[in-house]
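Structure data (mmCIF, C-alpha atoms) from model_6.cif:
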data_entry
#
loop_
_atom_site.label_atom_id
_atom_site.label_comp_id
_atom_site.auth_asym_id
_atom_site.auth_seq_id
_atom_site.Cartn_x
_atom_site.Cartn_y
_atom_site.Cartn_z
CA MET A 1 3.02 -35.89 -8.80
CA LEU A 2 6.45 -36.93 -9.97
CA ILE A 3 7.33 -40.04 -11.93
CA ARG A 4 10.85 -41.29 -11.37
CA PRO A 5 12.81 -44.56 -11.77
CA ALA A 6 12.27 -47.04 -8.97
CA THR A 7 15.20 -47.80 -6.69
CA ASP A 8 15.99 -50.57 -4.23
CA ALA A 9 14.70 -48.27 -1.51
CA ASP A 10 11.21 -48.50 -3.03
CA ALA A 11 10.78 -52.22 -2.31
CA ASP A 12 8.45 -51.72 0.67
CA ALA A 13 6.36 -49.16 -1.19
CA LEU A 14 6.16 -51.39 -4.26
CA TRP A 15 5.04 -54.37 -2.23
CA ALA A 16 2.41 -52.21 -0.52
CA ILE A 17 0.99 -51.53 -4.00
CA LEU A 18 1.46 -54.99 -5.48
CA GLU A 19 0.15 -57.05 -2.57
CA PRO A 20 -3.51 -55.93 -2.57
CA VAL A 21 -3.66 -56.12 -6.37
CA ILE A 22 -2.24 -59.65 -6.36
CA ARG A 23 -4.39 -60.79 -3.41
CA ALA A 24 -7.56 -59.47 -5.08
CA GLY A 25 -6.75 -61.50 -8.21
CA GLU A 26 -9.06 -59.43 -10.37
CA THR A 27 -6.74 -57.65 -12.78
CA TYR A 28 -3.46 -59.56 -13.21
CA PRO A 29 -2.96 -63.24 -14.07
CA LEU A 30 -0.72 -63.87 -11.08
CA PRO A 31 -1.05 -66.41 -8.26
CA ARG A 32 -3.12 -64.76 -5.53
CA ASP A 33 -0.85 -66.26 -2.87
CA MET A 34 2.34 -64.97 -4.49
CA ASP A 35 4.84 -64.00 -1.82
CA ARG A 36 6.69 -60.72 -1.54
CA ASP A 37 10.00 -61.94 -2.95
CA SER A 38 8.37 -63.56 -5.98
CA ALA A 39 6.21 -60.53 -6.63
CA LEU A 40 9.10 -58.10 -6.43
CA ALA A 41 11.26 -60.40 -8.59
CA TYR A 42 8.47 -60.41 -11.17
CA TRP A 43 7.88 -56.66 -11.13
CA LEU A 44 11.57 -55.76 -10.94
CA ALA A 45 12.73 -58.36 -13.49
CA PRO A 46 16.09 -57.47 -15.08
CA ALA A 47 14.41 -56.72 -18.42
CA HIS A 48 11.89 -54.35 -16.79
CA GLU A 49 12.40 -50.60 -16.62
CA VAL A 50 10.38 -49.70 -13.52
CA HIS A 51 9.09 -46.29 -12.53
CA VAL A 52 7.11 -45.05 -9.56
CA ALA A 53 4.64 -42.20 -9.37
CA VAL A 54 5.15 -40.27 -6.15
CA TYR A 55 3.42 -37.46 -4.36
CA GLU A 56 5.73 -35.20 -2.42
CA GLU A 57 4.60 -33.23 0.59
CA ARG A 58 7.27 -31.45 2.63
CA ASP A 59 9.81 -34.16 3.52
CA ARG A 60 7.39 -37.01 2.98
CA GLU A 61 7.03 -38.97 -0.25
CA ALA A 62 4.08 -41.26 -0.94
CA VAL A 63 4.26 -43.80 -3.76
CA LEU A 64 0.95 -43.72 -5.62
CA GLY A 65 1.67 -46.15 -8.41
CA THR A 66 4.24 -48.04 -10.42
CA TYR A 67 4.72 -49.29 -13.92
CA TYR A 68 7.18 -51.44 -15.81
CA LEU A 69 8.23 -51.11 -19.43
CA ARG A 70 9.90 -53.87 -21.43
CA ALA A 71 10.15 -55.25 -24.93
CA ASN A 72 7.17 -57.57 -25.34
CA THR A 73 9.20 -60.10 -27.33
CA ALA A 74 12.72 -60.27 -28.76
CA GLY A 75 14.19 -60.56 -32.24
CA GLY A 76 11.74 -59.51 -34.93
CA GLY A 77 9.23 -58.45 -32.29
CA ALA A 78 11.57 -56.26 -30.25
CA HIS A 79 10.12 -53.01 -31.61
CA VAL A 80 6.93 -53.54 -29.59
CA ALA A 81 6.85 -52.47 -25.96
CA ASN A 82 4.77 -53.90 -23.15
CA CYS A 83 3.83 -52.25 -19.87
CA GLY A 84 2.12 -53.14 -16.64
CA TYR A 85 0.66 -50.55 -14.29
CA MET A 86 -0.48 -50.75 -10.69
CA VAL A 87 -2.02 -47.99 -8.62
CA ALA A 88 -2.08 -47.75 -4.82
CA GLN A 89 -5.38 -48.75 -3.25
CA ASP A 90 -6.12 -45.27 -1.99
CA ALA A 91 -4.98 -43.53 -5.19
CA PRO A 92 -7.52 -44.39 -7.92
CA GLY A 93 -9.27 -41.33 -9.29
CA ARG A 94 -6.22 -39.10 -8.95
CA GLY A 95 -5.11 -39.66 -12.54
CA VAL A 96 -2.15 -41.79 -11.53
CA ALA A 97 -2.71 -44.50 -14.16
CA ARG A 98 -3.21 -41.95 -16.90
CA ALA A 99 -0.05 -40.05 -15.92
CA MET A 100 1.97 -43.27 -15.80
CA CYS A 101 0.64 -44.37 -19.20
CA THR A 102 1.61 -41.03 -20.76
CA HIS A 103 5.03 -41.30 -19.15
CA SER A 104 5.48 -44.87 -20.36
CA LEU A 105 4.56 -43.91 -23.92
CA ASP A 106 7.17 -41.15 -23.78
CA ARG A 107 9.74 -43.60 -22.47
CA ALA A 108 8.82 -46.15 -25.14
CA ARG A 109 9.20 -43.48 -27.82
CA ALA A 110 12.55 -42.39 -26.40
CA ARG A 111 13.77 -45.97 -26.48
CA GLY A 112 12.75 -46.36 -30.11
CA PHE A 113 9.77 -48.68 -29.72
CA ARG A 114 7.25 -48.38 -32.54
CA ALA A 115 4.19 -49.70 -30.72
CA MET A 116 2.92 -50.75 -27.33
CA GLN A 117 0.95 -53.90 -26.63
CA PHE A 118 -1.02 -54.94 -23.56
CA ASN A 119 -1.28 -58.72 -23.65
CA PHE A 120 -3.94 -59.38 -21.08
CA VAL A 121 -6.38 -56.64 -20.08
CA ILE A 122 -9.21 -58.22 -18.12
CA SER A 123 -12.46 -57.22 -19.81
CA SER A 124 -14.26 -56.81 -16.48
CA ASN A 125 -11.72 -54.14 -15.51
CA GLU A 126 -13.86 -51.62 -17.35
CA ARG A 127 -12.17 -48.60 -15.89
CA ALA A 128 -8.83 -49.75 -17.29
CA VAL A 129 -10.28 -50.69 -20.69
CA ARG A 130 -11.89 -47.26 -21.01
CA LEU A 131 -8.73 -45.48 -19.93
CA TRP A 132 -6.54 -47.36 -22.40
CA GLN A 133 -9.00 -46.66 -25.18
CA HIS A 134 -8.95 -43.01 -24.21
CA MET A 135 -5.14 -43.17 -24.35
CA GLY A 136 -5.31 -44.35 -27.95
CA PHE A 137 -5.18 -48.11 -27.53
CA ASP A 138 -7.34 -50.31 -29.74
CA ILE A 139 -8.68 -53.72 -28.85
CA VAL A 140 -6.90 -55.95 -31.38
CA GLY A 141 -7.66 -59.29 -29.77
CA ARG A 142 -10.20 -60.94 -27.51
CA LEU A 143 -9.32 -64.13 -25.60
CA PRO A 144 -12.60 -65.83 -24.77
CA GLY A 145 -12.93 -66.73 -21.11
CA ALA A 146 -9.17 -66.47 -20.67
CA PHE A 147 -9.39 -65.18 -17.12
CA ALA A 148 -11.01 -66.85 -14.12
CA HIS A 149 -12.25 -63.88 -12.13
CA PRO A 150 -12.68 -64.68 -8.42
CA THR A 151 -16.30 -63.52 -8.35
CA LEU A 152 -17.41 -63.17 -11.99
CA GLY A 153 -16.16 -66.54 -13.27
CA PHE A 154 -14.58 -66.79 -16.69
CA VAL A 155 -14.29 -63.43 -18.40
CA ASP A 156 -12.57 -62.41 -21.62
CA ALA A 157 -9.12 -60.91 -21.70
CA LEU A 158 -8.27 -58.26 -24.28
CA VAL A 159 -5.16 -57.59 -26.30
CA MET A 160 -4.73 -53.84 -26.74
CA TRP A 161 -2.36 -51.97 -29.01
CA ARG A 162 -1.30 -48.55 -30.12
CA GLU A 163 1.40 -47.06 -32.27
CA VAL A 164 4.18 -45.15 -30.52
CA ARG A 165 5.59 -42.49 -32.72
CA ASP A 166 6.81 -38.95 -32.47
CA GLY A 167 4.08 -36.39 -32.43
CA ASP A 168 1.05 -38.57 -31.85
CA SER A 169 1.09 -38.94 -28.08
CA MET B 1 6.93 -91.52 -35.66
CA LEU B 2 6.96 -91.51 -31.89
CA ILE B 3 6.47 -88.51 -29.63
CA ARG B 4 8.19 -88.78 -26.28
CA PRO B 5 9.40 -86.45 -23.51
CA ALA B 6 12.72 -84.76 -24.23
CA THR B 7 15.69 -85.72 -22.07
CA ASP B 8 19.08 -84.16 -21.42
CA ALA B 9 20.46 -86.50 -24.07
CA ASP B 10 18.40 -84.65 -26.68
CA ALA B 11 20.28 -81.36 -26.32
CA ASP B 12 22.31 -81.76 -29.53
CA ALA B 13 19.27 -82.84 -31.51
CA LEU B 14 17.22 -79.95 -30.12
CA TRP B 15 19.87 -77.42 -31.00
CA ALA B 16 20.10 -78.88 -34.52
CA ILE B 17 16.39 -78.06 -34.88
CA LEU B 18 16.36 -74.73 -33.06
CA GLU B 19 19.45 -73.19 -34.63
CA PRO B 20 18.27 -72.89 -38.26
CA VAL B 21 14.84 -71.67 -37.14
CA ILE B 22 16.42 -69.01 -34.92
CA ARG B 23 19.04 -68.00 -37.51
CA ALA B 24 16.36 -67.63 -40.21
CA GLY B 25 14.40 -65.26 -37.93
CA GLU B 26 11.20 -65.74 -39.90
CA THR B 27 8.89 -67.52 -37.49
CA TYR B 28 9.88 -66.85 -33.87
CA PRO B 29 10.50 -63.49 -32.15
CA LEU B 30 13.93 -64.53 -30.91
CA PRO B 31 17.32 -62.88 -31.45
CA ARG B 32 18.78 -64.33 -34.63
CA ASP B 33 22.22 -64.50 -33.02
CA MET B 34 20.98 -66.36 -29.93
CA ASP B 35 23.62 -68.82 -28.78
CA ARG B 36 23.12 -72.49 -28.05
CA ASP B 37 22.97 -72.19 -24.26
CA SER B 38 20.43 -69.36 -24.34
CA ALA B 39 18.30 -71.14 -26.92
CA LEU B 40 18.24 -74.40 -24.98
CA ALA B 41 17.56 -72.53 -21.73
CA TYR B 42 14.60 -70.84 -23.43
CA TRP B 43 13.18 -74.00 -24.98
CA LEU B 44 13.86 -76.18 -21.91
CA ALA B 45 12.69 -73.58 -19.37
CA PRO B 46 11.65 -75.14 -16.05
CA ALA B 47 7.98 -74.34 -16.70
CA HIS B 48 8.08 -76.01 -20.13
CA GLU B 49 7.04 -79.58 -20.72
CA VAL B 50 9.10 -80.51 -23.78
CA HIS B 51 8.51 -83.38 -26.18
CA VAL B 52 10.36 -84.57 -29.25
CA ALA B 53 8.98 -86.30 -32.33
CA VAL B 54 11.35 -89.06 -33.40
CA TYR B 55 11.62 -91.44 -36.29
CA GLU B 56 13.09 -94.80 -35.39
CA GLU B 57 14.89 -96.96 -37.88
CA ARG B 58 16.68 -100.03 -36.55
CA ASP B 59 19.00 -98.73 -33.84
CA ARG B 60 18.99 -95.18 -35.11
CA GLU B 61 16.68 -92.45 -33.88
CA ALA B 62 16.21 -89.17 -35.76
CA VAL B 63 14.58 -86.21 -34.02
CA LEU B 64 12.14 -84.64 -36.48
CA GLY B 65 10.61 -81.96 -34.29
CA THR B 66 10.01 -80.65 -30.81
CA TYR B 67 7.36 -78.76 -28.91
CA TYR B 68 6.93 -77.21 -25.51
CA LEU B 69 3.74 -76.92 -23.48
CA ARG B 70 3.27 -74.51 -20.61
CA ALA B 71 0.63 -72.44 -18.89
CA ASN B 72 0.42 -69.19 -20.85
CA THR B 73 -0.05 -67.11 -17.70
CA ALA B 74 -0.53 -67.82 -13.99
CA GLY B 75 -3.28 -67.16 -11.46
CA GLY B 76 -6.63 -66.53 -13.11
CA GLY B 77 -5.14 -67.28 -16.53
CA ALA B 78 -3.55 -70.61 -15.63
CA HIS B 79 -6.25 -72.65 -17.37
CA VAL B 80 -4.91 -71.59 -20.78
CA ALA B 81 -2.01 -73.49 -22.30
CA ASN B 82 0.60 -72.21 -24.71
CA CYS B 83 2.79 -74.22 -27.05
CA GLY B 84 5.68 -73.67 -29.39
CA TYR B 85 6.60 -76.11 -32.16
CA MET B 86 9.70 -76.46 -34.30
CA VAL B 87 10.27 -78.96 -37.07
CA ALA B 88 13.63 -80.14 -38.41
CA GLN B 89 14.69 -78.48 -41.65
CA ASP B 90 14.46 -81.69 -43.66
CA ALA B 91 11.19 -82.80 -42.06
CA PRO B 92 8.44 -80.42 -43.28
CA GLY B 93 5.75 -82.18 -45.25
CA ARG B 94 5.94 -85.33 -43.18
CA GLY B 95 3.10 -84.29 -40.86
CA VAL B 96 5.40 -83.69 -37.93
CA ALA B 97 3.85 -80.37 -36.87
CA ARG B 98 0.36 -81.77 -37.13
CA ALA B 99 1.26 -84.83 -35.07
CA MET B 100 2.93 -82.70 -32.43
CA CYS B 101 -0.05 -80.34 -32.26
CA THR B 102 -2.44 -83.26 -31.76
CA HIS B 103 -0.14 -84.66 -29.08
CA SER B 104 0.11 -81.29 -27.34
CA LEU B 105 -3.68 -80.89 -27.31
CA ASP B 106 -3.97 -84.32 -25.70
CA ARG B 107 -1.34 -83.38 -23.13
CA ALA B 108 -3.07 -80.06 -22.44
CA ARG B 109 -6.37 -81.88 -21.95
CA ALA B 110 -4.74 -84.43 -19.65
CA ARG B 111 -3.29 -81.63 -17.56
CA GLY B 112 -6.67 -79.95 -17.22
CA PHE B 113 -6.16 -76.93 -19.43
CA ARG B 114 -9.36 -75.55 -20.92
CA ALA B 115 -7.90 -73.77 -23.93
CA MET B 116 -4.71 -73.27 -25.89
CA GLN B 117 -3.38 -69.94 -27.08
CA PHE B 118 -0.65 -69.12 -29.57
CA ASN B 119 0.56 -65.62 -28.78
CA PHE B 120 2.56 -64.76 -31.84
CA VAL B 121 1.96 -66.62 -35.10
CA ILE B 122 3.71 -64.72 -37.89
CA SER B 123 1.11 -64.03 -40.57
CA SER B 124 3.60 -64.63 -43.38
CA ASN B 125 4.10 -68.18 -42.07
CA GLU B 126 1.06 -69.20 -44.11
CA ARG B 127 1.70 -72.88 -43.84
CA ALA B 128 1.53 -72.67 -40.04
CA VAL B 129 -1.54 -70.41 -40.03
CA ARG B 130 -3.39 -72.83 -42.31
CA LEU B 131 -2.35 -75.83 -40.25
CA TRP B 132 -3.44 -74.27 -36.97
CA GLN B 133 -6.77 -73.28 -38.50
CA HIS B 134 -7.16 -76.84 -39.75
CA MET B 135 -6.41 -78.00 -36.19
CA GLY B 136 -9.31 -75.92 -34.88
CA PHE B 137 -7.58 -72.72 -33.90
CA ASP B 138 -9.27 -69.39 -34.58
CA ILE B 139 -7.54 -66.09 -35.18
CA VAL B 140 -8.67 -64.05 -32.16
CA GLY B 141 -6.19 -61.21 -32.48
CA ARG B 142 -4.10 -59.44 -35.07
CA LEU B 143 -1.06 -57.41 -34.04
CA PRO B 144 -0.40 -54.93 -36.82
CA GLY B 145 3.19 -54.98 -38.05
CA ALA B 146 4.29 -56.66 -34.85
CA PHE B 147 7.03 -58.69 -36.52
CA ALA B 148 10.00 -57.40 -38.50
CA HIS B 149 10.49 -60.14 -41.06
CA PRO B 150 14.05 -60.27 -42.42
CA THR B 151 12.93 -60.05 -46.05
CA LEU B 152 9.26 -59.00 -45.99
CA GLY B 153 9.55 -56.08 -43.58
CA PHE B 154 6.87 -55.51 -40.96
CA VAL B 155 4.19 -58.19 -41.04
CA ASP B 156 1.27 -58.84 -38.72
CA ALA B 157 1.41 -61.40 -35.94
CA LEU B 158 -1.69 -63.39 -35.05
CA VAL B 159 -3.09 -64.54 -31.75
CA MET B 160 -4.73 -67.95 -32.22
CA TRP B 161 -6.95 -69.86 -29.84
CA ARG B 162 -8.94 -73.01 -29.43
CA GLU B 163 -10.83 -74.72 -26.68
CA VAL B 164 -9.33 -77.89 -25.20
CA ARG B 165 -11.97 -80.19 -23.92
CA ASP B 166 -12.72 -83.87 -23.82
CA GLY B 167 -14.14 -85.23 -27.00
CA ASP B 168 -13.53 -82.35 -29.37
CA SER B 169 -9.95 -82.99 -30.43
#

Mind converting the file's structure to structure tokens?
Amino acid sequence: MLIRPATDADADALWAILEPVIRAGETYPLPRDMDRDSALAYWLAPAHEVHVAVYEERDREAVLGTYYLRANTAGGGAHVANCGYMVAQDAPGRGVARAMCTHSLDRARARGFRAMQFNFVISSNERAVRLWQHMGFDIVGRLPGAFAHPTLGFVDALVMWREVRDGDS
Amino acid sequence: MLIRPATDADADALWAILEPVIRAGETYPLPRDMDRDSALAYWLAPAHEVHVAVYEERDREAVLGTYYLRANTAGGGAHVANCGYMVAQDAPGRGVARAMCTHSLDRARARGFRAMQFNFVISSNERAVRLWQHMGFDIVGRLPGAFAHPTLGFVDALVMWREVRDGDS
């Protein structure tokens, strides 16, 4: 697996990853009927540094996941990074999210960020919560009933946080 | 004091409020050198419902403060409102922030929001923290050192939250 910057040529592959995640409406607070252009504009926003995780086999390349990295706020908050990760439907279990998170922490460190914050981790997404905890993120906030899950009803969203410094990846 | 929707004619008055707050860099995570156009574009973003608090004396109207109301996220998170408030430099102590917060909670209720979240209350802004607590907001998250205060160094930012429902204003 290789993680490289996304290019314009990745639009179809990105949409193939984003669409089922958005349509499911279980992990991101995005409109479930969001169209392709809006979704790509959101993911590829000018302030986002976007990478893709790809699997290469002979001449063929399959995009397994994508993440964006950005400053979570500006001004006095600009030393804190924020990321979003999405994994292809047929890719979970292959360590794609973990590899992207490690990569994003390295990128955040290289860009001089001091910490990384996830603003809205859906508590029912237990696999993600466990993975982020394993990656060193703490739950620093709990937003009660902040997410209307399509089948579970109102569930909490979590704010997660970790330091980003040399030598403690 | 009257609280009414902002209009294009309020641009000068809004900038007169925003500029010193932005230049001080003590309460909002915005670039301290943000120019007028960028600041107004941020405050008057299409998704923001913006009000101004005005004091009327004879034919003269003074703008004492302003707030925006928006959905904090979309999709499954769209039932949670977010607001930002700014008070004119010479207005603190006149109850402007409190009046605007009450007004914004009423507006949020009228628009069907179920809760209101403040994403980034600077912990050193003790006056604001106390006021929001008095207005029924709980601290539901603490972001360690998330804000580089121009004189205090790294201080925590708080995530604050309250329900918005009929009859419990």

Residue hits in chain A, query chain B, radius 6 Å, all atoms listed in the file, as an mmCIF file with C-alpha atoms, keeping the file's coordinate frame:
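Saved file selection_9.cif follows:
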data_model
loop_
_atom_site.group_PDB
_atom_site.id
_atom_site.type_symbol
_atom_site.label_atom_id
_atom_site.label_comp_id
_atom_site.auth_asym_id
_atom_site.auth_seq_id
_atom_site.Cartn_x
_atom_site.Cartn_y
_atom_site.Cartn_z
ATOM 1 C CA PRO A 29 -2.960 -63.240 -14.070
ATOM 2 C CA LEU A 30 -0.720 -63.870 -11.080
ATOM 3 C CA PRO A 31 -1.050 -66.410 -8.260
ATOM 4 C CA ALA A 74 12.720 -60.270 -28.760
ATOM 5 C CA GLY A 75 14.190 -60.560 -32.240
ATOM 6 C CA GLY A 76 11.740 -59.510 -34.930
ATOM 7 C CA GLY A 77 9.230 -58.450 -32.290
ATOM 8 C CA VAL A 140 -6.900 -55.950 -31.380
ATOM 9 C CA GLY A 141 -7.660 -59.290 -29.770
ATOM 10 C CA ARG A 142 -10.200 -60.940 -27.510
ATOM 11 C CA ALA A 146 -9.170 -66.470 -20.670
ATOM 12 C CA PHE A 147 -9.390 -65.180 -17.120
ATOM 13 C CA ALA A 148 -11.010 -66.850 -14.120
#

Practice task
Report the residues retrieved by the PyMOL selection byres ((chain A and resi 4-13) around 10) from the displayed file, expressed as a PyMOL selection string.
Solution key: chain A and resi 1-3+14-18+36-37+40+44+49-54+62-68+88+103

Handout entry: Ground truth for the PyMOL selection byres ((chain B and resi 97) around 9), written as a list in words
Key =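 When the PyMOL selection byres ((chain B and resi 97) around 9) is applied to the shown file, the picked residues are Gly65, Thr66, Tyr67, Tyr85, Met86, Val87, Pro92, Gly93, Arg94, Gly95, Val96, Arg98, Ala99, Met100, Cys101, Thr102, Ala128 and Leu131 of chain B.
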
Problem - Between atom CA of Ala47 of chain B and atom CA of Pro20 of chain A, distance in Å (one decimal) - result: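 Distance reported for this atom pair: 25.9 Å.
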
Moved coordinates, chain A onto chain B, all Cα atoms, as a tab-separated table (two decimals) with C-alpha atoms, in the frame of the given file:
chain	number	residue	atom	x	y	z
A	1	MET	CA	6.93	-91.54	-35.65
A	2	LEU	CA	6.97	-91.51	-31.88
A	3	ILE	CA	6.47	-88.51	-29.63
A	4	ARG	CA	8.19	-88.79	-26.27
A	5	PRO	CA	9.40	-86.44	-23.49
A	6	ALA	CA	12.71	-84.77	-24.22
A	7	THR	CA	15.69	-85.72	-22.08
A	8	ASP	CA	19.07	-84.17	-21.41
A	9	ALA	CA	20.46	-86.49	-24.06
A	10	ASP	CA	18.40	-84.65	-26.69
A	11	ALA	CA	20.28	-81.35	-26.33
A	12	ASP	CA	22.31	-81.76	-29.53
A	13	ALA	CA	19.26	-82.83	-31.52
A	14	LEU	CA	17.21	-79.95	-30.13
A	15	TRP	CA	19.87	-77.41	-31.00
A	16	ALA	CA	20.10	-78.87	-34.52
A	17	ILE	CA	16.38	-78.06	-34.88
A	18	LEU	CA	16.36	-74.73	-33.06
A	19	GLU	CA	19.46	-73.19	-34.64
A	20	PRO	CA	18.27	-72.90	-38.26
A	21	VAL	CA	14.85	-71.67	-37.14
A	22	ILE	CA	16.41	-69.01	-34.91
A	23	ARG	CA	19.03	-68.01	-37.51
A	24	ALA	CA	16.36	-67.63	-40.21
A	25	GLY	CA	14.41	-65.26	-37.94
A	26	GLU	CA	11.21	-65.73	-39.90
A	27	THR	CA	8.89	-67.51	-37.49
A	28	TYR	CA	9.88	-66.85	-33.86
A	29	PRO	CA	10.51	-63.49	-32.16
A	30	LEU	CA	13.93	-64.51	-30.91
A	31	PRO	CA	17.33	-62.86	-31.43
A	32	ARG	CA	18.78	-64.33	-34.63
A	33	ASP	CA	22.22	-64.49	-33.01
A	34	MET	CA	20.98	-66.35	-29.93
A	35	ASP	CA	23.61	-68.81	-28.77
A	36	ARG	CA	23.10	-72.48	-28.04
A	37	ASP	CA	22.97	-72.19	-24.26
A	38	SER	CA	20.43	-69.36	-24.34
A	39	ALA	CA	18.30	-71.14	-26.91
A	40	LEU	CA	18.25	-74.39	-24.98
A	41	ALA	CA	17.56	-72.52	-21.72
A	42	TYR	CA	14.61	-70.84	-23.43
A	43	TRP	CA	13.20	-74.01	-24.98
A	44	LEU	CA	13.85	-76.17	-21.92
A	45	ALA	CA	12.70	-73.58	-19.36
A	46	PRO	CA	11.66	-75.14	-16.03
A	47	ALA	CA	7.99	-74.34	-16.69
A	48	HIS	CA	8.09	-76.00	-20.13
A	49	GLU	CA	7.03	-79.59	-20.72
A	50	VAL	CA	9.10	-80.51	-23.78
A	51	HIS	CA	8.52	-83.37	-26.18
A	52	VAL	CA	10.35	-84.57	-29.25
A	53	ALA	CA	8.99	-86.30	-32.32
A	54	VAL	CA	11.35	-89.07	-33.39
A	55	TYR	CA	11.61	-91.45	-36.28
A	56	GLU	CA	13.07	-94.81	-35.40
A	57	GLU	CA	14.87	-96.97	-37.91
A	58	ARG	CA	16.68	-100.05	-36.60
A	59	ASP	CA	18.99	-98.75	-33.85
A	60	ARG	CA	18.99	-95.20	-35.13
A	61	GLU	CA	16.66	-92.46	-33.91
A	62	ALA	CA	16.21	-89.18	-35.76
A	63	VAL	CA	14.58	-86.22	-34.03
A	64	LEU	CA	12.14	-84.62	-36.47
A	65	GLY	CA	10.62	-81.96	-34.28
A	66	THR	CA	10.01	-80.64	-30.80
A	67	TYR	CA	7.37	-78.77	-28.92
A	68	TYR	CA	6.94	-77.21	-25.50
A	69	LEU	CA	3.76	-76.92	-23.48
A	70	ARG	CA	3.27	-74.50	-20.59
A	71	ALA	CA	0.63	-72.43	-18.89
A	72	ASN	CA	0.43	-69.18	-20.85
A	73	THR	CA	-0.05	-67.11	-17.70
A	74	ALA	CA	-0.53	-67.82	-14.00
A	75	GLY	CA	-3.28	-67.16	-11.47
A	76	GLY	CA	-6.63	-66.52	-13.12
A	77	GLY	CA	-5.14	-67.28	-16.53
A	78	ALA	CA	-3.55	-70.62	-15.63
A	79	HIS	CA	-6.25	-72.66	-17.38
A	80	VAL	CA	-4.91	-71.59	-20.78
A	81	ALA	CA	-2.01	-73.48	-22.30
A	82	ASN	CA	0.61	-72.21	-24.71
A	83	CYS	CA	2.81	-74.22	-27.04
A	84	GLY	CA	5.69	-73.67	-29.39
A	85	TYR	CA	6.60	-76.10	-32.16
A	86	MET	CA	9.70	-76.47	-34.29
A	87	VAL	CA	10.28	-78.95	-37.08
A	88	ALA	CA	13.64	-80.15	-38.41
A	89	GLN	CA	14.71	-78.50	-41.65
A	90	ASP	CA	14.47	-81.69	-43.65
A	91	ALA	CA	11.18	-82.81	-42.05
A	92	PRO	CA	8.46	-80.42	-43.27
A	93	GLY	CA	5.75	-82.18	-45.23
A	94	ARG	CA	5.93	-85.35	-43.16
A	95	GLY	CA	3.10	-84.29	-40.85
A	96	VAL	CA	5.41	-83.70	-37.92
A	97	ALA	CA	3.85	-80.37	-36.87
A	98	ARG	CA	0.35	-81.76	-37.13
A	99	ALA	CA	1.25	-84.84	-35.07
A	100	MET	CA	2.94	-82.70	-32.41
A	101	CYS	CA	-0.06	-80.34	-32.25
A	102	THR	CA	-2.45	-83.27	-31.75
A	103	HIS	CA	-0.15	-84.66	-29.08
A	104	SER	CA	0.11	-81.30	-27.34
A	105	LEU	CA	-3.67	-80.89	-27.30
A	106	ASP	CA	-3.95	-84.33	-25.70
A	107	ARG	CA	-1.34	-83.39	-23.13
A	108	ALA	CA	-3.07	-80.07	-22.44
A	109	ARG	CA	-6.37	-81.89	-21.95
A	110	ALA	CA	-4.74	-84.43	-19.64
A	111	ARG	CA	-3.28	-81.62	-17.56
A	112	GLY	CA	-6.67	-79.95	-17.22
A	113	PHE	CA	-6.14	-76.92	-19.45
A	114	ARG	CA	-9.35	-75.55	-20.92
A	115	ALA	CA	-7.89	-73.77	-23.93
A	116	MET	CA	-4.71	-73.27	-25.89
A	117	GLN	CA	-3.38	-69.93	-27.07
A	118	PHE	CA	-0.65	-69.12	-29.57
A	119	ASN	CA	0.55	-65.61	-28.78
A	120	PHE	CA	2.55	-64.76	-31.84
A	121	VAL	CA	1.96	-66.61	-35.11
A	122	ILE	CA	3.70	-64.71	-37.89
A	123	SER	CA	1.10	-64.01	-40.57
A	124	SER	CA	3.60	-64.63	-43.38
A	125	ASN	CA	4.09	-68.18	-42.08
A	126	GLU	CA	1.06	-69.19	-44.11
A	127	ARG	CA	1.69	-72.89	-43.84
A	128	ALA	CA	1.54	-72.67	-40.05
A	129	VAL	CA	-1.54	-70.41	-40.04
A	130	ARG	CA	-3.39	-72.83	-42.31
A	131	LEU	CA	-2.35	-75.83	-40.25
A	132	TRP	CA	-3.46	-74.27	-36.97
A	133	GLN	CA	-6.77	-73.29	-38.51
A	134	HIS	CA	-7.17	-76.84	-39.74
A	135	MET	CA	-6.42	-78.01	-36.19
A	136	GLY	CA	-9.31	-75.94	-34.88
A	137	PHE	CA	-7.57	-72.72	-33.90
A	138	ASP	CA	-9.27	-69.40	-34.58
A	139	ILE	CA	-7.55	-66.10	-35.18
A	140	VAL	CA	-8.68	-64.06	-32.16
A	141	GLY	CA	-6.19	-61.22	-32.48
A	142	ARG	CA	-4.10	-59.44	-35.07
A	143	LEU	CA	-1.05	-57.39	-34.04
A	144	PRO	CA	-0.40	-54.93	-36.84
A	145	GLY	CA	3.18	-54.97	-38.06
A	146	ALA	CA	4.30	-56.65	-34.85
A	147	PHE	CA	7.03	-58.67	-36.53
A	148	ALA	CA	10.00	-57.39	-38.51
A	149	HIS	CA	10.49	-60.15	-41.06
A	150	PRO	CA	14.06	-60.26	-42.43
A	151	THR	CA	12.93	-60.03	-46.05
A	152	LEU	CA	9.26	-58.99	-45.99
A	153	GLY	CA	9.55	-56.07	-43.55
A	154	PHE	CA	6.87	-55.50	-40.96
A	155	VAL	CA	4.19	-58.17	-41.04
A	156	ASP	CA	1.27	-58.84	-38.72
A	157	ALA	CA	1.41	-61.39	-35.95
A	158	LEU	CA	-1.69	-63.38	-35.06
A	159	VAL	CA	-3.10	-64.55	-31.76
A	160	MET	CA	-4.73	-67.95	-32.22
A	161	TRP	CA	-6.95	-69.86	-29.84
A	162	ARG	CA	-8.94	-73.01	-29.43
A	163	GLU	CA	-10.84	-74.74	-26.68
A	164	VAL	CA	-9.32	-77.90	-25.21
A	165	ARG	CA	-11.96	-80.20	-23.93
A	166	ASP	CA	-12.72	-83.87	-23.84
A	167	GLY	CA	-14.18	-85.22	-27.02
A	168	ASP	CA	-13.53	-82.34	-29.38
A	169	SER	CA	-9.96	-83.02	-30.45
